[in-house]
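Reading through the structure tokens given below for one structure.
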Amino acid sequence: MVERAVLVTRPREQAAALCRLVQEAGFRAIAQPMIEIKPLSELGPRQLQMVMDLDHYQHVILVSSNAVQWGMEWINQFWPQLPLGLEWYAIGKATAGKLSSYGVAVRQPETEMNSEGLLALTSLQAVADDRVLIIKGEGGRKQLSDVLSKRGARVEQLSVYRRVLPPISGTELTAVLNENQFAAIVATSGEGLHNMLSLLSPGELQVLRGIPLIVPGQRVAELADDSGFRAVYTARNATDKAIIEALRECVGSEENGGQN
């Protein structure tokens with residue numbers, strides 16, 4: 001019997017723990033990143049000023065573990081001792097844990113570990129005239145900035161990394177798809193899903209769309225639906241635990257001949 005595989009498309013440095021859990025669940029984990037993280041080697045004058053003015057903000061939001069890694073590296077260059085009086089925020093347990101290692105008290109969503117959950121926090125409701133710094137990658141969602149701005153906050157965004165397509169060709173990706181029997185594909189971001197789709201021909205896309213797809217939230221699920229995937233399973237959030245729960249749901253549903 002051919003061992004079924006799960007394709008994990010997370011950036012390589014973030015995929016190891018999830019791959020281990022996939023294997024513990026009885027599948028062969030194949031890590032094929034569809035996004036590569038590149039830290040910005042330089043910041044423009046305005047971006048540098050944001051870092052130097054860190055003590056002028058009331059709220060600092062870090063949207064990912066990458067934002068913590070590269071954002072705090074820049075901050076530490078100018079602030080060997082972090083300013084007091086800031087409210088620090090993180091989206092997701094992994095990001096919060098990494099940020100906590102810098103000795104700050106971190107606020108994070110209680111259950112809904114995404115932008116919507118963060119925006120529901122009491123401390124981000126009455127923010128009129130407060131200064132908010134969002135540390136993130138280039139591009140990405142604008143929801144945090146848009147909603148906080150509508151609440152009257154003065155929001156600035158500091159980009160400290162970019163996401164790029166890893167060095168893989170469509171031919172190489174097609175070979176991976178053809179050489180394995182996949183139970184599911186895990187796509188933890190809309191950009192990674194877009195990158196994967198962009199590498200394949202129309203015929204190859206038909207094969208891809210027939211493989212069950214696990215995504216971390218409604219936004220990526222809608223993108224997958226629009227892209228023609230026939231079986232999309234939405235995890236509660238992007239944590240490894242939630243992804244594995246969705247994988248088990250996916251496999252059970254497919255074995256029973258159905259889909260969500």
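Chain labels run A, B, ... following the order of the structure tokens; each chain numbers its residues from 1, and ligands are numbered from 1 in the order shown.
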- Show which residues sit within 12 Å of Gln69 (chain A), as number ranges by chain. Count only C-alpha atoms, and ignore same-chain residues fewer than 5 positions away. A: 37-40, 62-64, 74-76, 94-102, 135-137, 160-161
Output as JSON lines one row per residue of region 101-194 of chain A within 12 Å of region 212-231 of chain A: the closest atom pair and its distance in Å to one decimal place, counting only C-alpha atoms, sorted by chain and residue number ascending.
{"residue": "A:Glu112", "atom": "CA", "partner": "A:Gly217", "partner_atom": "CA", "distance": 10.1}
{"residue": "A:Met113", "atom": "CA", "partner": "A:Gly217", "partner_atom": "CA", "distance": 9.8}
{"residue": "A:Asn114", "atom": "CA", "partner": "A:Gly217", "partner_atom": "CA", "distance": 8.6}
{"residue": "A:Ser115", "atom": "CA", "partner": "A:Gly217", "partner_atom": "CA", "distance": 10.9}
{"residue": "A:Glu116", "atom": "CA", "partner": "A:Gly217", "partner_atom": "CA", "distance": 11.0}
{"residue": "A:Arg141", "atom": "CA", "partner": "A:Arg219", "partner_atom": "CA", "distance": 10.2}
{"residue": "A:Gln143", "atom": "CA", "partner": "A:Arg219", "partner_atom": "CA", "distance": 11.7}
{"residue": "A:Gln181", "atom": "CA", "partner": "A:Pro212", "partner_atom": "CA", "distance": 11.7}
{"residue": "A:Phe182", "atom": "CA", "partner": "A:Pro212", "partner_atom": "CA", "distance": 8.4}
{"residue": "A:Ala183", "atom": "CA", "partner": "A:Pro212", "partner_atom": "CA", "distance": 6.8}
{"residue": "A:Ala184", "atom": "CA", "partner": "A:Pro212", "partner_atom": "CA", "distance": 4.8}
{"residue": "A:Ile185", "atom": "CA", "partner": "A:Leu213", "partner_atom": "CA", "distance": 4.9}
{"residue": "A:Val186", "atom": "CA", "partner": "A:Ile214", "partner_atom": "CA", "distance": 4.8}
{"residue": "A:Ala187", "atom": "CA", "partner": "A:Val215", "partner_atom": "CA", "distance": 5.3}
{"residue": "A:Thr188", "atom": "CA", "partner": "A:Val215", "partner_atom": "CA", "distance": 5.5}
{"residue": "A:Ser189", "atom": "CA", "partner": "A:Val220", "partner_atom": "CA", "distance": 6.5}
{"residue": "A:Gly190", "atom": "CA", "partner": "A:Val220", "partner_atom": "CA", "distance": 5.2}
{"residue": "A:Glu191", "atom": "CA", "partner": "A:Val220", "partner_atom": "CA", "distance": 9.0}
{"residue": "A:Gly192", "atom": "CA", "partner": "A:Val220", "partner_atom": "CA", "distance": 9.9}
{"residue": "A:Leu193", "atom": "CA", "partner": "A:Ala224", "partner_atom": "CA", "distance": 7.8}
{"residue": "A:His194", "atom": "CA", "partner": "A:Leu223", "partner_atom": "CA", "distance": 8.7}
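In this model, the gap between CA of Leu54 (chain A) and CA of Trp79 (chain A) comes to 8.5 Å.
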- Message: Which residue is closest to Leu205 (chain A)? Choose from A:Val68, A:Leu173, A:Met52, A:Ala25 and count only C-alpha atoms.
- Response: A:Leu173
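The nearest approach to Arg4 (chain A) among the residues A:Ile30, A:Ile168, A:Leu84, A:Leu21, with only C-alpha atoms taken into account, belongs to A:Ile30.
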- Message: Could you list, as a VMD selection string, every residue within 12 Å of Leu144 (chain A), counting only C-alpha atoms and ignoring same-chain residues fewer than 5 positions away?
- Response: chain A and resid 60 to 63 89 91 114 to 120 124 132 to 136 149 to 151 153 to 157
DSSP on the backbone: which residues in region 6-238 of chain A end up as strand (DSSP E or B)? Give the answer as a short mmCIF file (atom, residue, chain, number, x, y, z; two decimals) with N, CA and C atoms, in the first residue's frame.
data_model
loop_
_atom_site.label_atom_id
_atom_site.label_comp_id
_atom_site.auth_asym_id
_atom_site.auth_seq_id
_atom_site.Cartn_x
_atom_site.Cartn_y
_atom_site.Cartn_z
N VAL A 6 1.25 14.32 2.86
CA VAL A 6 0.66 15.65 3.04
C VAL A 6 1.71 16.67 2.60
N LEU A 7 1.33 17.55 1.69
CA LEU A 7 2.23 18.59 1.20
C LEU A 7 2.10 19.81 2.10
N VAL A 8 3.20 20.19 2.74
CA VAL A 8 3.23 21.35 3.65
C VAL A 8 3.94 22.49 2.93
N ARG A 28 3.15 10.74 5.45
CA ARG A 28 4.49 11.20 5.10
C ARG A 28 4.40 12.69 4.81
N ALA A 29 5.15 13.47 5.55
CA ALA A 29 5.14 14.93 5.37
C ALA A 29 6.17 15.32 4.32
N ILE A 30 5.72 16.07 3.33
CA ILE A 30 6.62 16.58 2.30
C ILE A 30 6.62 18.10 2.40
N ALA A 31 7.75 18.66 2.78
CA ALA A 31 7.86 20.11 2.90
C ALA A 31 8.28 20.69 1.56
N GLU A 36 9.14 32.15 0.69
CA GLU A 36 10.42 32.27 1.36
C GLU A 36 10.49 33.66 2.00
N ILE A 37 10.94 33.71 3.24
CA ILE A 37 11.00 34.97 3.97
C ILE A 37 12.39 35.59 3.82
N LYS A 38 12.41 36.85 3.40
CA LYS A 38 13.67 37.58 3.24
C LYS A 38 13.61 38.84 4.11
N PRO A 39 14.47 38.95 5.12
CA PRO A 39 14.48 40.19 5.92
C PRO A 39 14.99 41.35 5.10
N HIS A 59 0.63 51.64 21.33
CA HIS A 59 0.37 50.24 21.01
C HIS A 59 1.34 49.79 19.93
N VAL A 60 1.94 48.61 20.10
CA VAL A 60 2.82 48.02 19.10
C VAL A 60 2.30 46.61 18.80
N ILE A 61 1.98 46.37 17.54
CA ILE A 61 1.39 45.10 17.12
C ILE A 61 2.38 44.38 16.20
N LEU A 62 2.69 43.13 16.53
CA LEU A 62 3.54 42.30 15.67
C LEU A 62 2.68 41.17 15.12
N GLU A 87 1.89 49.12 25.09
CA GLU A 87 1.09 47.90 25.05
C GLU A 87 1.57 47.09 23.84
N TRP A 88 2.02 45.84 24.09
CA TRP A 88 2.54 44.98 23.03
C TRP A 88 1.49 43.93 22.67
N TYR A 89 1.34 43.66 21.39
CA TYR A 89 0.33 42.72 20.92
C TYR A 89 0.94 41.74 19.93
N ALA A 90 0.38 40.52 19.91
CA ALA A 90 0.81 39.51 18.95
C ALA A 90 -0.41 38.73 18.48
N VAL A 106 2.60 40.56 26.83
CA VAL A 106 2.01 40.51 25.50
C VAL A 106 0.51 40.27 25.59
N ARG A 107 -0.25 41.07 24.86
CA ARG A 107 -1.69 40.83 24.72
C ARG A 107 -1.91 40.07 23.41
N ARG A 131 -1.36 56.43 19.12
CA ARG A 131 -0.45 56.07 18.04
C ARG A 131 -0.22 54.55 18.08
N VAL A 132 -0.38 53.92 16.94
CA VAL A 132 -0.25 52.47 16.83
C VAL A 132 0.81 52.14 15.78
N LEU A 133 1.75 51.28 16.14
CA LEU A 133 2.76 50.81 15.20
C LEU A 133 2.50 49.33 14.90
N ILE A 134 2.30 49.01 13.62
CA ILE A 134 2.11 47.63 13.19
C ILE A 134 3.39 47.17 12.50
N ILE A 135 4.02 46.14 13.05
CA ILE A 135 5.26 45.60 12.48
C ILE A 135 4.91 44.33 11.72
N LYS A 136 5.30 44.29 10.45
CA LYS A 136 4.77 43.28 9.54
C LYS A 136 5.72 43.05 8.39
N GLY A 137 5.29 42.26 7.41
CA GLY A 137 6.00 42.10 6.16
C GLY A 137 5.42 43.02 5.11
N ARG A 154 -3.96 56.72 15.18
CA ARG A 154 -2.98 57.16 14.18
C ARG A 154 -2.03 55.98 13.94
N VAL A 155 -2.25 55.30 12.83
CA VAL A 155 -1.59 54.02 12.57
C VAL A 155 -0.43 54.20 11.60
N GLU A 156 0.69 53.58 11.94
CA GLU A 156 1.82 53.51 11.02
C GLU A 156 2.26 52.06 10.90
N GLN A 157 2.77 51.70 9.72
CA GLN A 157 3.15 50.31 9.46
C GLN A 157 4.63 50.22 9.13
N LEU A 158 5.32 49.34 9.84
CA LEU A 158 6.75 49.14 9.65
C LEU A 158 6.97 47.77 9.03
N SER A 159 7.40 47.74 7.78
CA SER A 159 7.68 46.48 7.09
C SER A 159 9.14 46.11 7.30
N VAL A 160 9.37 44.88 7.79
CA VAL A 160 10.74 44.46 8.10
C VAL A 160 11.17 43.21 7.33
N TYR A 161 10.27 42.64 6.53
CA TYR A 161 10.64 41.50 5.70
C TYR A 161 9.73 41.46 4.49
N ARG A 162 10.13 40.66 3.52
CA ARG A 162 9.30 40.45 2.34
C ARG A 162 9.14 38.96 2.09
N ARG A 163 8.07 38.61 1.42
CA ARG A 163 7.81 37.22 1.05
C ARG A 163 8.09 37.06 -0.45
N VAL A 164 8.86 36.06 -0.80
CA VAL A 164 9.17 35.83 -2.21
C VAL A 164 8.89 34.37 -2.55
N PHE A 182 -1.21 12.13 -2.53
CA PHE A 182 -1.47 13.11 -1.49
C PHE A 182 -2.85 12.95 -0.87
N ALA A 183 -2.87 12.90 0.45
CA ALA A 183 -4.14 12.95 1.18
C ALA A 183 -4.63 14.38 1.29
N ALA A 184 -3.69 15.34 1.33
CA ALA A 184 -4.07 16.74 1.48
C ALA A 184 -2.87 17.63 1.20
N ILE A 185 -3.18 18.89 0.94
CA ILE A 185 -2.18 19.96 0.84
C ILE A 185 -2.51 20.97 1.93
N VAL A 186 -1.49 21.45 2.63
CA VAL A 186 -1.67 22.49 3.64
C VAL A 186 -1.15 23.81 3.07
N LEU A 213 -7.64 20.42 0.22
CA LEU A 213 -6.80 21.54 0.63
C LEU A 213 -7.19 21.99 2.03
N ILE A 214 -6.20 22.14 2.91
CA ILE A 214 -6.42 22.62 4.26
C ILE A 214 -5.89 24.04 4.36
N VAL A 215 -6.74 24.95 4.84
CA VAL A 215 -6.38 26.37 4.93
C VAL A 215 -6.66 26.87 6.35
N VAL A 232 -12.22 21.89 0.25
CA VAL A 232 -11.48 22.85 1.07
C VAL A 232 -11.89 22.67 2.52
N TYR A 233 -10.90 22.47 3.39
CA TYR A 233 -11.14 22.27 4.81
C TYR A 233 -10.51 23.43 5.58
N THR A 234 -11.33 24.13 6.35
CA THR A 234 -10.88 25.34 7.04
C THR A 234 -10.58 25.05 8.50
#
- Write down as a ChimeraX atom specification the residues of region 16-224 of chain A whose backbone DSSP state falls under helix (DSSP H, G or I). /A:16-24,45-52,54-56,65-78,93-100,115-119,122-124,143-150,170-178,190-198,202-209,218-224
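Proximity ranking of A:Ser123, A:Thr171, A:Gln77, A:Ser65 relative to Val51 (chain A) places A:Gln77 first, based on only C-alpha atoms.
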- Task: Would you please work out which residue, of A:Val104, A:Lys142, A:Gln49, A:Asn178, is nearest to Met72 (chain A) when using only C-alpha atoms?
- Result: A:Val104
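The nearest approach to Gln125 (chain A) among the residues A:Glu24, A:Thr111, A:Gly210, A:Leu148, with only C-alpha atoms taken into account, belongs to A:Leu148.
CA of Glu245 (chain A) is found 16.8 Å from CA of Gly92 (chain A).
For the pair CA of Asn195 (chain A) and CA of Arg10 (chain A), the interatomic distance is 11.7 Å.
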